[in-house]
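Listing of structure.txt; format and content: compact mmCIF, C-alpha atoms.
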```txt
# COMPACT_ATOMS: atom_id res chain seq x y z
CA MET A 707 0.00 0.00 0.00
CA SER A 708 1.16 3.59 -0.55
CA LEU A 709 1.32 6.14 2.24
CA GLU A 710 1.30 9.91 1.82
CA PRO A 711 3.76 12.23 3.59
CA LYS A 712 2.45 13.50 6.91
CA THR A 713 1.33 17.12 7.17
CA LEU A 714 3.44 19.20 9.56
CA ASP A 715 1.65 20.37 12.71
CA GLU A 716 4.37 21.53 15.07
CA GLN A 717 2.00 22.88 17.73
CA SER A 718 0.15 19.57 17.97
CA TRP A 719 3.37 17.57 18.26
CA ARG A 720 4.70 19.84 21.00
CA ALA A 721 1.45 19.49 22.94
CA ARG A 722 1.59 15.72 22.54
CA TYR A 723 5.11 15.59 23.94
CA MET A 724 4.17 17.88 26.83
CA ARG A 725 1.40 15.44 27.75
CA THR A 726 3.89 12.57 27.85
CA ALA A 727 6.29 14.64 29.97
CA ASN A 728 3.48 15.39 32.44
CA ASN A 729 2.54 11.70 32.65
CA LEU A 730 6.10 10.42 32.99
CA LYS A 731 6.07 10.14 36.79
CA GLN A 732 3.16 7.71 36.70
CA CYS A 733 4.84 5.75 33.92
CA VAL A 734 7.92 5.40 36.14
CA VAL A 735 5.81 4.18 39.07
CA ASP A 736 4.57 1.29 36.91
CA ALA A 737 7.96 0.54 35.34
CA PRO A 738 9.54 -2.91 35.37
CA ILE A 739 13.20 -3.20 36.24
CA ALA A 740 15.42 -2.69 33.18
CA LEU A 741 18.03 -5.37 32.50
CA CYS A 742 20.83 -3.75 30.49
CA LEU A 743 23.39 -5.99 28.81
CA SER A 744 26.02 -4.82 26.32
CA ASN A 745 29.66 -3.91 26.16
CA ALA A 746 30.85 -1.46 28.80
CA CYS A 747 33.78 0.91 28.53
CA VAL A 748 35.25 4.24 29.52
CA ASP A 749 34.53 6.86 26.85
CA ALA A 750 37.24 9.43 26.21
CA VAL A 751 35.39 12.31 24.57
CA CYS A 752 36.69 15.32 22.67
CA ARG A 753 35.78 17.61 19.78
CA LEU A 754 36.73 16.66 16.24
CA MET A 755 37.87 20.28 15.81
CA ASP A 756 40.52 19.65 18.50
CA LEU A 757 41.88 16.70 16.55
CA ASP A 758 41.94 18.92 13.46
CA LYS A 759 44.26 21.31 15.32
CA ALA A 760 46.46 18.50 16.68
CA VAL A 761 47.08 16.74 13.35
CA THR A 762 49.77 18.32 11.14
CA SER A 763 51.74 17.25 8.10
CA SER A 764 54.47 15.96 10.44
CA SER A 765 52.06 13.81 12.49
CA PRO A 766 52.29 10.01 12.23
CA SER A 767 50.50 8.48 9.26
CA GLY A 768 48.09 6.79 11.67
CA ALA A 769 46.96 10.18 12.99
CA ARG A 770 46.55 11.61 9.49
CA ASP A 771 44.65 8.55 8.26
CA LEU A 772 42.32 8.60 11.26
CA PHE A 773 41.55 12.29 10.87
CA ASP A 774 40.94 11.84 7.14
CA LYS A 775 38.35 9.13 7.83
CA LEU A 776 36.69 11.19 10.56
CA GLN A 777 36.49 14.40 8.55
CA ARG A 778 34.97 12.56 5.57
CA ARG A 779 32.27 11.18 7.83
CA ALA A 780 31.61 14.57 9.41
CA ILE A 781 31.37 16.30 6.02
CA ALA A 782 28.90 13.61 4.92
CA GLY A 783 26.88 14.09 8.13
CA ARG A 784 27.59 10.54 9.30
CA GLY A 785 28.30 9.38 12.81
CA GLY A 786 28.62 5.71 13.72
CA GLU A 787 31.57 3.58 14.78
CA LEU A 788 35.06 3.03 13.40
CA ARG A 789 37.61 0.30 14.17
CA CYS A 790 41.19 1.65 14.07
CA THR A 791 44.32 -0.52 13.83
CA TRP A 792 46.86 2.26 14.55
CA LYS A 793 48.89 0.70 17.37
CA GLY A 794 50.23 3.95 18.80
CA GLY A 795 46.88 5.72 18.53
CA PRO A 796 45.60 5.73 22.11
CA GLU A 797 48.86 7.04 23.56
CA TRP A 798 49.22 9.72 20.86
CA LEU A 799 45.65 10.92 21.40
CA ARG A 800 45.97 10.97 25.21
CA GLU A 801 49.09 13.15 25.01
CA ARG A 802 47.58 15.76 22.68
CA LEU A 803 43.87 16.03 23.39
CA SER A 804 41.81 17.23 26.31
CA LEU A 805 39.63 14.21 27.03
CA ASN A 806 36.49 14.03 29.16
CA ARG A 807 36.04 10.52 30.52
CA SER A 808 32.66 8.94 31.28
CA ILE A 809 30.90 5.60 31.23
CA GLY A 810 30.21 4.13 27.81
CA GLY A 811 28.32 1.26 26.20
CA THR A 812 24.63 0.84 25.39
CA GLY A 813 23.75 -0.88 28.67
CA PRO A 814 25.32 1.67 31.06
CA GLN A 815 24.12 4.62 28.95
CA ALA A 816 20.55 3.35 28.88
CA ALA A 817 20.60 2.54 32.58
CA ALA A 818 21.88 6.04 33.36
CA ALA A 819 18.98 7.60 31.45
CA LEU A 820 16.45 5.46 33.30
CA ALA A 821 18.10 5.89 36.70
CA ALA A 822 17.90 9.67 36.37
CA ILE A 823 14.09 9.52 36.30
CA GLY A 824 13.80 6.84 38.98
CA VAL A 825 13.47 3.61 36.98
CA PRO A 826 15.02 0.54 38.67
CA ASN A 827 17.83 -1.03 36.65
CA LEU A 828 20.48 -3.72 36.59
CA VAL A 829 23.61 -3.47 34.42
CA ALA A 830 25.89 -6.29 33.37
CA LEU A 831 29.43 -5.34 34.41
CA GLY A 832 32.00 -8.10 34.35
CA ASN A 833 34.96 -5.71 34.23
CA ARG A 834 34.79 -3.91 37.57
CA ASN A 835 37.87 -1.71 37.49
CA GLU A 836 38.30 1.49 39.47
CA VAL A 837 37.86 3.97 36.60
CA LEU A 838 34.83 2.22 35.15
CA LEU A 839 33.05 1.96 38.49
CA SER A 840 33.85 5.58 39.39
CA THR A 841 32.27 6.85 36.15
CA LEU A 842 28.94 5.06 36.74
CA PRO A 843 26.21 7.65 37.37
CA ALA A 844 24.13 7.67 40.54
CA ASN A 845 21.55 4.90 40.96
CA VAL A 846 22.98 2.66 38.22
CA ASN A 847 23.04 -0.77 39.82
CA ILE A 848 25.09 -3.94 39.50
CA ALA A 849 24.63 -7.30 41.20
CA VAL A 850 26.93 -8.36 44.01
CA GLY A 851 26.02 -11.75 45.38
CA ASN A 852 22.26 -11.84 45.87
CA LYS A 853 21.77 -8.09 46.16
CA LEU A 854 21.72 -4.94 44.05
CA PHE A 855 24.30 -2.27 44.79
CA GLU A 856 24.87 1.20 43.39
CA GLY A 857 27.80 0.41 41.10
CA ARG A 858 29.92 3.47 41.85
CA HIS A 859 30.20 2.38 45.50
CA VAL A 860 31.33 -1.20 44.79
CA GLU A 861 34.97 -2.18 45.42
CA PRO A 862 37.01 -2.72 42.22
CA THR A 863 38.01 -6.30 41.43
CA THR A 864 39.65 -6.10 37.97
CA SER A 865 42.41 -4.19 36.20
CA GLN A 866 42.05 -1.12 34.00
CA MET A 867 40.82 -1.38 30.41
CA PRO A 868 41.58 0.70 27.28
CA GLU A 869 39.21 3.59 26.72
CA ILE A 870 37.15 4.13 23.59
CA PHE A 871 37.57 7.50 21.89
CA ILE A 872 34.60 9.59 20.77
CA PHE A 873 34.90 12.58 18.46
CA GLU A 874 31.95 14.99 18.46
CA PHE A 875 31.12 17.60 15.84
CA SER A 876 28.33 20.14 15.40
CA ALA A 877 26.31 21.42 12.48
CA GLY A 878 27.82 24.65 11.17
CA GLU A 879 31.41 23.92 12.25
CA THR A 880 33.89 24.15 9.37
CA ILE A 881 36.38 21.42 8.46
CA ALA A 882 38.48 21.47 5.29
CA GLY A 883 36.55 24.56 4.20
CA THR A 884 33.21 22.78 4.42
CA ALA A 885 30.40 23.63 6.85
CA LEU A 886 29.23 20.45 8.54
CA PRO A 887 25.56 19.63 7.81
CA ARG A 888 24.75 17.69 10.97
CA SER A 889 25.67 17.30 14.63
CA SER A 890 26.86 13.82 15.56
CA ARG A 891 29.81 11.79 16.82
CA VAL A 892 32.08 8.97 15.67
CA ILE A 893 33.10 6.23 18.10
CA VAL A 894 36.66 5.00 17.51
CA ARG A 895 37.67 1.62 18.92
CA PHE A 896 41.25 0.40 19.06
CA ASP A 897 40.18 -3.02 20.28
CA ASP A 898 36.99 -5.12 20.45
CA PRO A 899 35.77 -5.29 24.05
CA GLY A 900 32.84 -7.62 23.35
CA LEU A 901 29.86 -8.16 25.64
CA GLU A 902 30.16 -8.01 29.39
CA ARG A 903 30.26 -11.52 30.83
CA ASP A 904 28.94 -10.98 34.36
CA PRO A 905 27.93 -14.18 36.18
CA GLU A 906 26.38 -12.19 39.04
CA PHE A 907 24.20 -10.29 36.56
CA ASP A 908 23.12 -13.56 34.96
CA THR A 909 22.14 -15.13 38.29
CA TYR A 910 20.32 -12.11 39.68
CA SER A 911 18.55 -11.23 36.41
CA ASN A 912 17.15 -14.76 36.21
CA LYS A 913 15.54 -14.26 39.62
CA ILE A 914 13.81 -10.99 38.71
CA ALA A 915 13.01 -11.60 35.03
CA GLY A 916 9.27 -11.87 35.73
CA ASN A 917 9.18 -8.16 36.58
CA ALA A 918 11.71 -6.99 34.01
CA ALA A 919 12.25 -5.74 30.47
CA ALA A 920 15.62 -6.17 28.80
CA LEU A 921 17.83 -4.12 26.49
CA ILE A 922 20.77 -5.71 24.67
CA GLY A 923 23.33 -3.88 22.54
CA GLY A 924 27.01 -3.74 21.68
CA LEU A 925 27.20 -6.81 19.44
CA GLY A 926 29.11 -4.76 16.89
CA SER A 927 32.01 -4.63 19.35
CA VAL A 928 32.35 -8.43 19.42
CA PRO A 929 35.34 -9.82 17.45
CA SER A 930 34.25 -11.95 14.50
CA HIS A 931 35.86 -15.09 15.89
CA ARG A 932 33.79 -14.77 19.09
CA ILE A 933 30.39 -13.82 17.71
CA ASP A 934 28.99 -17.36 17.54
CA ALA A 935 29.93 -18.01 21.16
CA GLU A 936 28.42 -14.71 22.31
CA LEU A 937 25.18 -15.34 20.44
CA SER A 938 24.96 -18.83 21.95
CA TYR A 939 25.47 -17.31 25.41
CA LEU A 940 22.72 -14.75 24.76
CA LYS A 941 20.27 -17.38 23.52
CA GLY A 942 20.76 -19.45 26.67
CA LEU A 943 20.37 -16.44 28.95
CA VAL A 944 17.27 -15.18 27.14
CA GLU A 945 15.64 -18.62 27.21
CA THR A 946 15.97 -18.63 30.99
CA TRP A 947 14.62 -15.07 31.23
CA ARG A 948 11.59 -16.02 29.17
CA THR A 949 10.98 -19.16 31.21
CA ASN A 950 10.95 -16.91 34.25
CA GLY A 951 8.46 -14.47 32.67
CA LEU A 952 10.50 -11.71 30.99
CA ARG A 953 8.15 -8.99 29.72
CA TRP A 954 10.03 -7.57 26.72
CA LEU A 955 13.46 -7.77 25.05
CA HIS A 956 14.84 -5.13 22.71
CA LEU A 957 18.08 -5.56 20.77
CA GLU A 958 19.69 -2.38 19.42
CA LEU A 959 21.65 -3.29 16.32
CA GLY A 960 24.45 -0.69 16.21
CA GLY A 961 27.23 -0.42 13.64
CA TYR A 962 29.37 -3.26 12.25
CA GLU A 963 32.78 -3.11 10.62
CA ASP A 964 32.60 -6.81 9.70
CA LYS A 965 29.74 -8.01 7.45
CA ALA A 966 30.06 -11.63 8.61
CA THR A 967 29.44 -10.50 12.19
CA LEU A 968 26.37 -8.52 11.13
CA ASP A 969 25.05 -11.50 9.15
CA ALA A 970 25.48 -13.77 12.17
CA VAL A 971 23.57 -11.33 14.39
CA LEU A 972 20.72 -10.97 11.89
CA LYS A 973 20.44 -14.74 11.53
CA ALA A 974 20.16 -15.15 15.29
CA VAL A 975 18.08 -12.09 16.24
CA GLY A 976 14.66 -13.72 15.87
CA GLY A 977 15.60 -16.33 18.47
CA ILE A 978 16.76 -13.68 20.92
CA ALA A 979 14.74 -10.47 20.66
CA THR A 980 11.11 -9.39 20.66
CA SER A 981 12.13 -6.07 19.16
CA LEU A 982 14.99 -4.82 16.96
CA GLY A 983 16.11 -1.21 16.62
CA MET A 984 18.54 0.67 14.40
CA SER A 985 19.30 4.10 12.98
CA ALA A 986 18.04 5.18 9.58
CA SER A 987 21.62 4.97 8.27
CA GLU A 988 21.91 1.37 9.49
CA PHE A 989 18.63 0.14 8.00
CA PRO A 990 19.96 -0.25 4.42
CA ASP A 991 22.63 -2.63 5.78
CA VAL A 992 19.88 -5.10 6.71
CA ALA A 993 17.46 -4.32 3.86
CA TYR A 994 19.64 -4.86 0.78
CA GLY A 995 20.20 -1.13 0.34
CA ARG A 996 16.54 -0.16 0.59
CA THR A 997 15.27 2.79 2.63
CA ALA A 998 12.96 2.54 5.64
CA THR A 999 9.54 2.65 4.01
CA PRO A 1000 6.71 0.95 5.92
CA GLU A 1001 6.62 -1.92 3.43
CA HIS A 1002 10.36 -2.52 3.61
CA MET A 1003 10.31 -2.39 7.41
CA VAL A 1004 7.60 -5.04 7.58
CA GLU A 1005 9.49 -7.25 5.14
CA VAL A 1006 12.65 -7.05 7.24
CA ALA A 1007 10.76 -7.67 10.50
CA GLN A 1008 9.13 -10.77 9.02
CA GLN A 1009 12.39 -12.06 7.56
CA LEU A 1010 14.19 -11.66 10.89
CA GLY A 1011 11.33 -13.01 12.99
CA VAL A 1012 10.75 -10.08 15.36
CA GLU A 1013 7.45 -8.64 16.67
CA ARG A 1014 8.65 -5.05 16.31
CA LEU A 1015 11.22 -3.21 14.22
CA CYS A 1016 12.15 0.40 14.97
CA VAL A 1017 14.12 2.89 12.89
CA HIS A 1018 15.19 6.24 14.37
CA ALA A 1019 16.58 9.37 12.75
CA ASP A 1020 17.36 12.92 13.88
CA ASP A 1021 13.86 14.33 13.45
CA TRP A 1022 11.59 11.25 13.29
CA ALA A 1023 11.22 7.77 14.70
CA SER A 1024 9.17 4.98 13.14
CA SER A 1025 8.32 1.38 13.86
CA VAL A 1026 6.31 -1.53 12.60
CA THR A 1027 4.72 -3.68 15.27
CA ARG A 1028 2.23 -6.50 15.66
CA ARG A 1029 1.12 -5.12 19.01
CA SER A 1030 -0.84 -2.07 20.20
CA ALA A 1031 -0.50 1.03 18.02
CA GLU A 1032 -1.39 3.24 20.99
CA THR A 1033 1.33 1.73 23.19
CA GLU A 1034 3.85 1.94 20.37
CA THR A 1035 3.12 5.63 19.79
CA GLU A 1036 3.67 6.36 23.47
CA ALA A 1037 6.89 4.33 23.44
CA LEU A 1038 8.34 6.26 20.50
CA ILE A 1039 7.36 9.60 22.02
CA THR A 1040 8.81 8.70 25.43
CA GLY A 1041 12.09 7.54 23.91
CA SER A 1042 12.33 10.61 21.68
CA LEU A 1043 11.52 12.94 24.59
CA LEU A 1044 14.21 11.49 26.89
CA SER A 1045 16.75 11.60 24.07
CA ALA A 1046 15.94 15.24 23.24
CA VAL A 1047 16.23 16.27 26.88
CA ARG A 1048 19.63 14.60 27.08
CA ALA A 1049 20.72 16.36 23.89
CA ALA A 1050 19.60 19.72 25.28
CA HIS A 1051 21.45 19.31 28.59
CA GLY A 1052 24.44 17.29 27.44
CA THR A 1053 23.73 14.69 30.11
CA VAL A 1054 20.87 12.78 31.71
CA VAL A 1055 18.62 14.82 34.01
CA SER A 1056 15.72 14.07 36.34
CA GLU A 1057 13.47 16.93 35.21
CA VAL A 1058 11.98 16.07 31.82
CA LYS A 1059 10.53 18.91 29.74
CA VAL A 1060 10.21 19.41 26.00
CA PRO A 1061 13.32 21.47 25.04
CA GLU A 1062 12.29 25.00 24.11
CA LYS A 1063 14.68 25.21 21.17
CA SER A 1064 13.55 21.93 19.65
CA ARG A 1065 11.64 21.89 16.38
CA PHE A 1066 9.29 19.37 14.80
CA THR A 1067 9.24 18.52 11.10
CA GLU A 1068 7.26 16.21 8.85
CA THR A 1069 7.48 12.47 9.36
CA PRO A 1070 8.24 10.42 6.24
CA TYR A 1071 4.88 8.57 6.24
CA THR A 1072 1.57 8.61 8.09
CA SER A 1073 0.93 6.13 10.89
CA SER A 1074 -1.34 3.44 9.41
CA ARG A 1075 -2.65 -0.07 9.70
CA LEU A 1076 -0.77 -2.24 7.23
CA GLU A 1077 -1.72 -5.54 5.65
CA GLY A 1078 -1.92 -8.46 8.02
CA GLU A 1079 -1.35 -7.81 11.72
CA TRP A 1080 1.16 -4.97 11.36
CA ASN A 1081 0.84 -1.35 12.47
CA TYR A 1082 3.16 1.35 11.15
CA ILE A 1083 3.78 4.18 13.63
CA SER A 1084 5.78 7.32 12.93
CA VAL A 1085 6.36 10.33 15.19
CA ALA A 1086 8.16 13.61 14.79
CA THR A 1087 10.93 14.06 17.36
CA PRO A 1088 12.00 17.23 19.23
CA TYR A 1089 15.03 17.92 17.04
CA LEU A 1090 17.88 20.21 18.11
CA ILE A 1091 20.13 21.45 15.30
CA GLN A 1092 23.02 22.04 17.71
CA PRO A 1093 22.67 19.73 20.72
CA VAL A 1094 24.94 20.21 23.71
CA ALA A 1095 26.08 16.59 23.29
CA THR A 1096 25.25 13.66 21.02
CA ILE A 1097 26.67 10.77 23.06
CA GLY A 1098 24.15 8.24 24.35
CA LEU A 1099 21.15 9.67 22.52
CA GLY A 1100 20.27 6.43 20.71
CA ASP A 1101 20.72 4.43 23.91
CA THR A 1102 18.47 6.86 25.76
CA PHE A 1103 15.84 6.59 23.04
CA SER A 1104 15.85 2.78 23.32
CA ALA A 1105 15.64 3.01 27.10
CA GLY A 1106 12.56 5.22 26.89
CA CYS A 1107 10.90 2.81 24.48
CA ILE A 1108 11.35 -0.25 26.71
CA LEU A 1109 10.14 1.78 29.71
CA VAL A 1110 6.73 1.85 28.00
CA LEU A 1111 6.80 -1.42 26.07
CA GLY A 1112 7.89 -3.39 29.12
CA GLN A 1113 4.64 -2.55 30.87
CA GLU A 1114 2.73 -4.90 28.58
CA LYS A 1115 3.14 -8.66 28.69
CA VAL A 1116 4.51 -10.16 25.47
```
I'd like the structure from this file rewritten - as structure tokens, please.
Amino acid sequence: MSLEPKTLDEQSWRARYMRTANNLKQCVVDAPIALCLSNACVDAVCRLMDLDKAVTSSSPSGARDLFDKLQRRAIAGRGGELRCTWKGGPEWLRERLSLNRSIGGTGPQAAAALAAIGVPNLVALGNRNEVLLSTLPANVNIAVGNKLFEGRHVEPTTSQMPEIFIFEFSAGETIAGTALPRSSRVIVRFDDPGLERDPEFDTYSNKIAGNAAALIGGLGSVPSHRIDAELSYLKGLVETWRTNGLRWLHLELGGYEDKATLDAVLKAVGGIATSLGMSASEFPDVAYGRTATPEHMVEVAQQLGVERLCVHADDWASSVTRRSAETETEALITGSLLSAVRAAHGTVVSEVKVPEKSRFTETPYTSSRLEGEWNYISVATPYLIQPVATIGLGDTFSAGCILVLGQEKV
């Protein structure tokens, strides 16, 4: 079926988001605990413009090659992830850049967003080193024995780990004589940390799965030779969660440097997740180059065997789902609202209001009932042309979605 572009009504969208913001406290009261499993790392964050100043013609070839790749992405308006093989890279960057260090990884970022508004959470954290624990935000919990503890107060038990570097850029900044069209960031990994293997998380999450919703991410950081083992581990864990009554499980796809790893994840996703999410730039990687039309989204969801497939962009978020259209609309709006608030403040905050400087634009297609049992839902998001920060926005969006979706039994 064909769908017409949606007519812009900024005032109505703003009012709709304000209603969700006003109802958020009650939504939190009813929230299940969020199980957050992914990679975890220390992010070392700086501006791409600072790297531009640090790299000269006499810099090592690794520095020049890295900056060339980053500036081409920024000029194209692309964020995403990049695997770098420059052996001396981390040390060279540490010596020359002013780096802000914070917790990284889908699980910790999502848990931080939920913790800020009072949602109970449990994060998988197998590597419990001093720096990682100290960067955990308030009320982000890990399991120790048979109890939950605020992670930043737990004693370290492991050694330090390499940080992951993140280069941010903003719309309007100029690089190589070109004004950048979009605000985003590029994540640069010098190794592949893989998923957190946390036996205490596994044990405790199995006990509470009946009152929980789960978010999994970070599979793009798994080395190709380990992906089959990690997927087998996830399948076993998820089977136990479901036996114990898990309410909802969302897998956020993320970026992949290795196509074989992506193919392995897509082959396995239907046996793991209820829901799959990705950015609009990632969708063509799983849809044979096609764009995220409602028809293409349904085809991919059916091929992968998921109940819901979500695609998010800067100024819209859409999904196809076999479940309630009303619940799905609220989920997308809640996720978009929390993400916009984080973008406006540069961090997670407890007071959630629609950012004043945000704008709403047309969504690609109108929300509609599709053939069969599928609903297509699309919402405009509160878009900020120049956000204070772009780190963790996708993770925060996913967290807001499962906050709502997890309140319905699958």
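For the point (26.6, -17.2, 25.3), the residues with at least one atom inside 12 Å, counting only C-alpha atoms, are Gly900, Leu901, Glu902, Arg903, Asp904, Pro905, Asp908, Leu925, Arg932, Ile933, Asp934, Ala935, Glu936, Leu937, Ser938, Tyr939, Leu940, Lys941, Gly942, Leu943, Val944, Glu945 and Ile978 of chain A.
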I need every residue sitting at most 6 Å from the point (13.9, 11.8, 31.2) (coordinates as in the file, all atoms listed in the file considered), written as a compact mmCIF listing (two decimals) with C-alpha atoms, keeping the file's coordinate frame.
```
# COMPACT_ATOMS: atom_id res chain seq x y z
CA ILE A 823 14.09 9.52 36.30
CA LEU A 1044 14.21 11.49 26.89
CA SER A 1056 15.72 14.07 36.34
CA VAL A 1058 11.98 16.07 31.82
```
Next on the checklist: Restricting the calculation to all atoms listed in the file: of A:Val846, A:Val1094, A:Leu1111, A:Val928, which residue gets closest to Glu874 (chain A)?
Outcome noted: A:Val1094
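Reported to one decimal place, the separation of CA of Leu1099 (chain A) from CA of Arg891 (chain A) is 10.6 Å.
Across the model, the gap from CA of Val837 (chain A) to CA of Ala915 (chain A) is 29.4 Å.
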Checklist entry - Contacts of Arg858 (chain A) at 9 Å or less, counting only C-alpha atoms, minus same-chain residues fewer than 3 places along, as a VMD selection string? => result chain A and resid 836 838 to 847 855 861
Take the residues that were just selected and, keeping C-alpha atoms, output them as a PDB file, in the frame of the given file.
```
ATOM      1  CA  GLU A 836      38.300   1.490  39.470  1.00  0.00           C
ATOM      2  CA  LEU A 838      34.830   2.220  35.150  1.00  0.00           C
ATOM      3  CA  LEU A 839      33.050   1.960  38.490  1.00  0.00           C
ATOM      4  CA  SER A 840      33.850   5.580  39.390  1.00  0.00           C
ATOM      5  CA  THR A 841      32.270   6.850  36.150  1.00  0.00           C
ATOM      6  CA  LEU A 842      28.940   5.060  36.740  1.00  0.00           C
ATOM      7  CA  PRO A 843      26.210   7.650  37.370  1.00  0.00           C
ATOM      8  CA  ALA A 844      24.130   7.670  40.540  1.00  0.00           C
ATOM      9  CA  ASN A 845      21.550   4.900  40.960  1.00  0.00           C
ATOM     10  CA  VAL A 846      22.980   2.660  38.220  1.00  0.00           C
ATOM     11  CA  ASN A 847      23.040  -0.770  39.820  1.00  0.00           C
ATOM     12  CA  PHE A 855      24.300  -2.270  44.790  1.00  0.00           C
ATOM     13  CA  GLU A 861      34.970  -2.180  45.420  1.00  0.00           C
TER      14      GLU A 861
END
```
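If all atoms listed in the file are the atoms counted, then among A:Thr1067, A:Ser930, A:Thr1053, A:Asn835 the closest residue to Ile1097 (chain A) is A:Thr1053.
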Next on the checklist: Can you tell me which residues surround Leu1043 (chain A) at a distance of at most 12 Å, considering only C-alpha atoms, apart from same-chain residues fewer than 2 positions away, and format the answer as a ChimeraX atom specification?
Outcome noted: /A:719-720,722-728,730,819,1021-1023,1036-1041,1045-1050,1054-1055,1057-1061,1064,1066,1085-1090,1099-1100,1102-1107
Checklist entry - Please, what distance in Å, to one decimal, runs between CA of Pro1093 (chain A) and CA of Leu886 (chain A)? => result 13.9 Å
Item to check | Spatial neighbours of Gln1008 (chain A), max dist 12 Å, only C-alpha atoms, sep filter under 2 positions, as a PyMOL selection string | outcome: chain A and resi 972+975-976+980-982+993+1001-1006+1010-1015+1026-1028+1078-1080
Tell me, counting only C-alpha atoms, for each residue of region 852-925 of chain A within 10 Å of region 777-782 of chain A, which pair of atoms is nearest and how far apart they are in Å to one decimal, in rows ordered by chain and increasing number, as a tab-separated table.
```
residue	atom	partner	partner_atom	distance
A:Phe873	CA	A:Ala780	CA	9.8
A:Glu874	CA	A:Ala780	CA	9.1
A:Phe875	CA	A:Ala780	CA	7.1
A:Ser876	CA	A:Ala780	CA	8.8
A:Ala877	CA	A:Ala780	CA	9.2
A:Glu879	CA	A:Ala780	CA	9.8
A:Thr880	CA	A:Ile781	CA	8.9
A:Ile881	CA	A:Gln777	CA	7.0
A:Ala882	CA	A:Gln777	CA	8.0
A:Gly883	CA	A:Ile781	CA	9.9
A:Thr884	CA	A:Ile781	CA	6.9
A:Ala885	CA	A:Ile781	CA	7.4
A:Leu886	CA	A:Ile781	CA	5.3
A:Pro887	CA	A:Ile781	CA	6.9
A:Arg888	CA	A:Ala780	CA	7.7
A:Ser889	CA	A:Ala780	CA	8.4
A:Ser890	CA	A:Ala780	CA	7.8
A:Arg891	CA	A:Ala780	CA	8.1
A:Val892	CA	A:Arg779	CA	8.1
```
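The nearest approach to Val825 (chain A) among the residues A:Pro738, A:Gly878, A:Pro1070, A:Gly995, with all atoms listed in the file taken into account, belongs to A:Pro738.
Remark: for Cys747 (chain A), the closest of the candidate residues A:Pro990, A:Gly768, A:Gly977, A:Pro899 is A:Pro899 (distances computed over only C-alpha atoms).
Summary of the local environment: counting only C-alpha atoms, residues at most 6 Å from region 948-955 of chain A, other than itself and those fewer than 4 positions away along its chain, are Ala915, Gly916, Ala918, Ala919, Ala920, Leu921, Ala979, Thr980, Gly1112, Lys1115 and Val1116 of chain A.
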